[in-house]
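J.: Just one file: run_7.pdb, with PDB, C-alpha atoms.
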```
ATOM      1  CA  MET N  24     -21.546   9.484   8.071
ATOM      2  CA  THR N  25     -18.626   7.105   8.521
ATOM      3  CA  LYS N  26     -15.374   7.512   6.665
ATOM      4  CA  ILE N  27     -14.986   5.264   3.639
ATOM      5  CA  THR N  28     -11.691   3.393   3.739
ATOM      6  CA  PRO N  29      -9.292   3.632   0.798
ATOM      7  CA  HIS N  30      -9.488  -0.145   0.367
ATOM      8  CA  LEU N  31     -13.257   0.017  -0.056
ATOM      9  CA  LEU N  32     -12.917   2.830  -2.590
ATOM     10  CA  ASN N  33     -10.321   0.880  -4.527
ATOM     11  CA  ASP N  34     -12.465  -2.265  -4.489
ATOM     12  CA  THR N  35     -15.469  -0.267  -5.747
ATOM     13  CA  LEU N  36     -13.355   1.184  -8.551
ATOM     14  CA  ASN N  37     -12.238  -2.328  -9.528
ATOM     15  CA  ILE N  38     -15.837  -3.587  -9.606
ATOM     16  CA  VAL N  39     -16.992  -0.700 -11.794
ATOM     17  CA  ALA N  40     -14.008  -1.175 -14.121
ATOM     18  CA  LEU N  41     -14.784  -4.900 -14.386
ATOM     19  CA  ALA N  42     -18.454  -4.192 -15.084
ATOM     20  CA  ARG N  43     -17.480  -1.734 -17.810
ATOM     21  CA  GLU N  44     -15.060  -4.212 -19.366
ATOM     22  CA  ALA N  45     -17.663  -7.010 -19.200
ATOM     23  CA  ALA N  46     -20.213  -4.799 -20.972
ATOM     24  CA  ARG N  47     -17.656  -3.932 -23.627
ATOM     25  CA  VAL N  48     -16.698  -7.588 -24.194
ATOM     26  CA  ARG N  49     -20.364  -8.543 -24.521
ATOM     27  CA  GLY N  50     -20.713  -5.922 -27.220
ATOM     28  CA  ASN N  51     -22.897  -3.556 -25.197
ATOM     29  CA  GLN N  52     -21.042  -0.307 -25.970
ATOM     30  CA  VAL N  53     -23.888   1.891 -24.656
ATOM     31  CA  GLN N  54     -23.682   0.316 -21.207
ATOM     32  CA  ALA N  55     -19.866   0.431 -21.254
ATOM     33  CA  GLU N  56     -19.967   4.137 -22.103
ATOM     34  CA  ARG N  57     -22.349   4.784 -19.192
ATOM     35  CA  PHE N  58     -19.800   3.255 -16.821
ATOM     36  CA  ALA N  59     -16.962   5.450 -18.164
ATOM     37  CA  PRO N  60     -17.753   8.659 -16.195
ATOM     38  CA  VAL N  61     -18.419   6.651 -13.028
ATOM     39  CA  GLU N  62     -15.088   4.862 -13.376
ATOM     40  CA  GLU N  63     -13.222   8.106 -14.082
ATOM     41  CA  GLY N  64     -14.842   9.818 -11.075
ATOM     42  CA  LEU N  65     -13.900   6.933  -8.811
ATOM     43  CA  ARG N  66     -10.310   7.059 -10.111
ATOM     44  CA  HIS N  67     -10.060  10.700  -9.032
ATOM     45  CA  ILE N  68     -11.559   9.932  -5.624
ATOM     46  CA  VAL N  69      -9.189   6.982  -5.079
ATOM     47  CA  ALA N  70      -6.196   9.088  -6.140
ATOM     48  CA  GLY N  71      -7.237  11.867  -3.732
ATOM     49  CA  SER N  72      -7.699   9.328  -0.958
ATOM     50  CA  ARG N  73      -4.169   8.001  -1.485
ATOM     51  CA  GLN N  74      -2.730  11.519  -1.299
ATOM     52  CA  THR N  75      -4.472  12.265   2.004
ATOM     53  CA  ASP N  76      -3.246   8.940   3.433
ATOM     54  CA  ALA N  77       0.315   9.784   2.438
ATOM     55  CA  ASN N  78       0.051  13.166   4.175
ATOM     56  CA  ALA N  79      -1.388  11.741   7.405
ATOM     57  CA  PRO N  80       0.656  12.612  10.500
ATOM     58  CA  VAL N  81       2.895   9.874  11.834
ATOM     59  CA  THR N  82       2.119   8.749  15.400
ATOM     60  CA  GLY N  83       3.198   6.148  17.947
ATOM     61  CA  VAL N  84       6.243   4.001  17.243
ATOM     62  CA  LEU N  85       6.428   5.442  13.732
ATOM     63  CA  ALA N  86       6.994   8.938  15.134
ATOM     64  CA  GLN N  87      10.009   8.007  17.258
ATOM     65  CA  ASN N  88      13.309   9.547  16.176
ATOM     66  CA  ASP N  89      15.211   6.271  15.898
ATOM     67  CA  PHE N  90      12.534   4.749  13.692
ATOM     68  CA  GLN N  91      12.399   7.836  11.480
ATOM     69  CA  THR N  92      16.198   7.735  11.131
ATOM     70  CA  LEU N  93      16.045   4.073  10.136
ATOM     71  CA  MET N  94      13.316   4.766   7.563
ATOM     72  CA  SER N  95      15.135   7.783   6.121
ATOM     73  CA  LEU N  96      18.225   5.631   5.580
ATOM     74  CA  THR N  97      16.134   2.943   3.904
ATOM     75  CA  VAL N  98      14.389   5.467   1.652
ATOM     76  CA  SER N  99      17.596   7.270   0.721
ATOM     77  CA  GLU N 100      19.255   3.973  -0.268
ATOM     78  CA  ASP N 101      16.291   3.016  -2.468
ATOM     79  CA  SER N 102      15.858   6.443  -4.069
ATOM     80  CA  GLY N 103      18.873   6.024  -6.336
ATOM     81  CA  GLY N 104      16.934   3.707  -8.609
ATOM     82  CA  GLU N 105      19.279   0.834  -7.829
ATOM     83  CA  SER N 106      18.511  -1.430  -4.922
ATOM     84  CA  SER N 107      21.664  -1.180  -2.833
ATOM     85  CA  GLN N 108      19.897  -2.681   0.143
ATOM     86  CA  SER N 109      20.258  -6.438   0.121
ATOM     87  CA  ALA N 110      17.386  -8.749   0.965
ATOM     88  CA  ALA N 111      19.149  -9.740   4.171
ATOM     89  CA  GLU N 112      19.369  -6.113   5.332
ATOM     90  CA  ARG N 113      15.720  -5.519   4.415
ATOM     91  CA  ASN N 114      14.708  -8.625   6.350
ATOM     92  CA  GLN N 115      16.700  -7.426   9.370
ATOM     93  CA  VAL N 116      14.836  -4.119   9.267
ATOM     94  CA  ILE N 117      11.525  -5.992   9.127
ATOM     95  CA  GLN N 118      12.547  -8.219  12.045
ATOM     96  CA  ALA N 119      13.578  -5.138  14.045
ATOM     97  CA  MET N 120      10.259  -3.431  13.366
ATOM     98  CA  ALA N 121       8.370  -6.528  14.522
ATOM     99  CA  ALA N 122      10.555  -6.803  17.637
ATOM    100  CA  GLY N 123       9.753  -3.155  18.328
ATOM    101  CA  GLY N 124       6.048  -3.971  18.520
ATOM    102  CA  MET N 125       4.852  -3.023  15.053
ATOM    103  CA  ASN N 126       2.228  -5.266  13.474
ATOM    104  CA  ASP N 127       2.501  -6.693   9.966
ATOM    105  CA  MET N 128       0.197  -4.051   8.467
ATOM    106  CA  GLN N 129       2.288  -1.164   9.811
ATOM    107  CA  ILE N 130       5.499  -2.804   8.623
ATOM    108  CA  ALA N 131       4.051  -3.488   5.173
ATOM    109  CA  LYS N 132       2.964   0.127   4.820
ATOM    110  CA  GLN N 133       6.376   1.462   5.809
ATOM    111  CA  MET N 134       8.319  -0.987   3.643
ATOM    112  CA  GLY N 135       6.051  -0.787   0.598
ATOM    113  CA  MET N 136       5.417  -4.522   0.678
ATOM    114  CA  THR N 137       2.335  -6.702   1.076
ATOM    115  CA  ARG N 138       1.301  -8.106   4.427
ATOM    116  CA  ASP N 139       1.882 -11.625   3.080
ATOM    117  CA  GLU N 140       5.470 -10.759   2.175
ATOM    118  CA  ILE N 141       6.027  -9.389   5.690
ATOM    119  CA  ARG N 142       4.513 -12.498   7.287
ATOM    120  CA  ILE N 143       6.788 -14.742   5.218
ATOM    121  CA  VAL N 144       9.875 -12.756   6.233
ATOM    122  CA  LEU N 145       8.835 -12.933   9.887
ATOM    123  CA  ARG N 146       8.147 -16.681   9.713
ATOM    124  CA  VAL N 147      11.465 -17.411   8.000
ATOM    125  CA  GLY N 148      13.276 -15.209  10.515
ATOM    126  CA  SER N 149      11.703 -16.996  13.471
ATOM    127  CA  GLN N 150      12.722 -20.419  12.073
ATOM    128  CA  SER N 151      16.393 -19.537  11.730
TER     129      SER N 151
END
```
Just give me the structure as structure tokens.

T.:
Amino acid sequence: MTKITPHLLNDTLNIVALAREAARVRGNQVQAERFAPVEEGLRHIVAGSRQTDANAPVTGVLAQNDFQTLMSLTVSEDSGGESSQSAAERNQVIQAMAAGGMNDMQIAKQMGMTRDEIRIVLRVGSQS
């Protein structure tokens, strides 16, 4: 059996939650209640999937010492609750990651941003 991706699990959870909400809005409480245990079970599976992804070993460019040092500095600056890292510094980090050969998905995962946000930063950086 193939591994189910976290995105597929999350999408399935969203569909079940929408179906439950639609049943509830239509006034079909019995059907909405039948979806409740399915939705709750999927929530636990999705949460477990996110934990295993977070614990996955780092490989390739992400495992290099200089990259890990850069990321630890970024994380330690953000952990104080206040964003001491300016947008310009963040954008420089993103540009450096891209120049180092990382794709937009890898950068987005490391920076906690969406791929679209990363693409915009990279496009703006290449125009200036």

J.: To test your reading of the syntax: which residues would the PyMOL selection byres ((chain N and resi 145) around 9) return for the file shown? Reply as a PyMOL selection string.

T.: chain N and resi 114+117-118+121+127+140-144+146-150

J.: Please write the residues picked by the PyMOL selection byres ((chain N and resi 61) around 12) on this file as a VMD selection string.

T.: chain N and resid 35 to 40 42 to 43 54 to 60 62 to 68

J.: Name the closest residue to N:Met136 among the candidates N:Ala46, N:Ala119, N:Arg113, N:His30; distances are taken between atoms, counting all atoms listed in the file.

T.: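 Nearest to N:Met136: N:Arg113.
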
J.: Padding 8 Å on each side, edges along x, y and z: where is the centre of the box around the listed atoms of stretch 125-135 of chain N, and how long are its edges in Å to one decimal? Output it as lines of an AutoDock Vina configuration file.

T.:
```
center_x = 4.3
center_y = -2.6
center_z = 7.8
size_x = 24.1
size_y = 24.2
size_z = 30.5
```

J.: As an NGL selection string, please: the residues near N:Met120 (cut-off 12 Å, all atoms listed in the file, same-chain neighbours under 2 positions excluded).

T.: :N and (84-85 or 89-91 or 93-94 or 113-118 or 122-134 or 141 or 144-145)

J.: How many Å separate atom CA of N:Ile27 from atom CA of N:Ala45?

T.: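 It comes out at 26.1 Å.
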
J.: If you measure from atom CA of N:Asp139 to atom CA of N:Ala111, what distance in Å do you get, rounded to one decimal?

T.: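 Going from atom CA of N:Asp139 over to atom CA of N:Ala111 covers 17.4 Å.
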
J.: Choose the residue, out of N:Thr92, N:Ser109, N:Thr28, N:Asn33, that has the smallest atom-to-atom separation from N:Ala70; count only C-alpha atoms.

T.: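 Going through N:Thr92, N:Ser109, N:Thr28, N:Asn33 one by one, the smallest distance to N:Ala70 is for N:Asn33.
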
J.: Just the number, please: distance in Å from atom CA of N:Thr137 to atom CA of N:Lys26, one decimal.

T.: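 Value for the atom CA of N:Thr137-atom CA of N:Lys26 distance: 23.4 Å.
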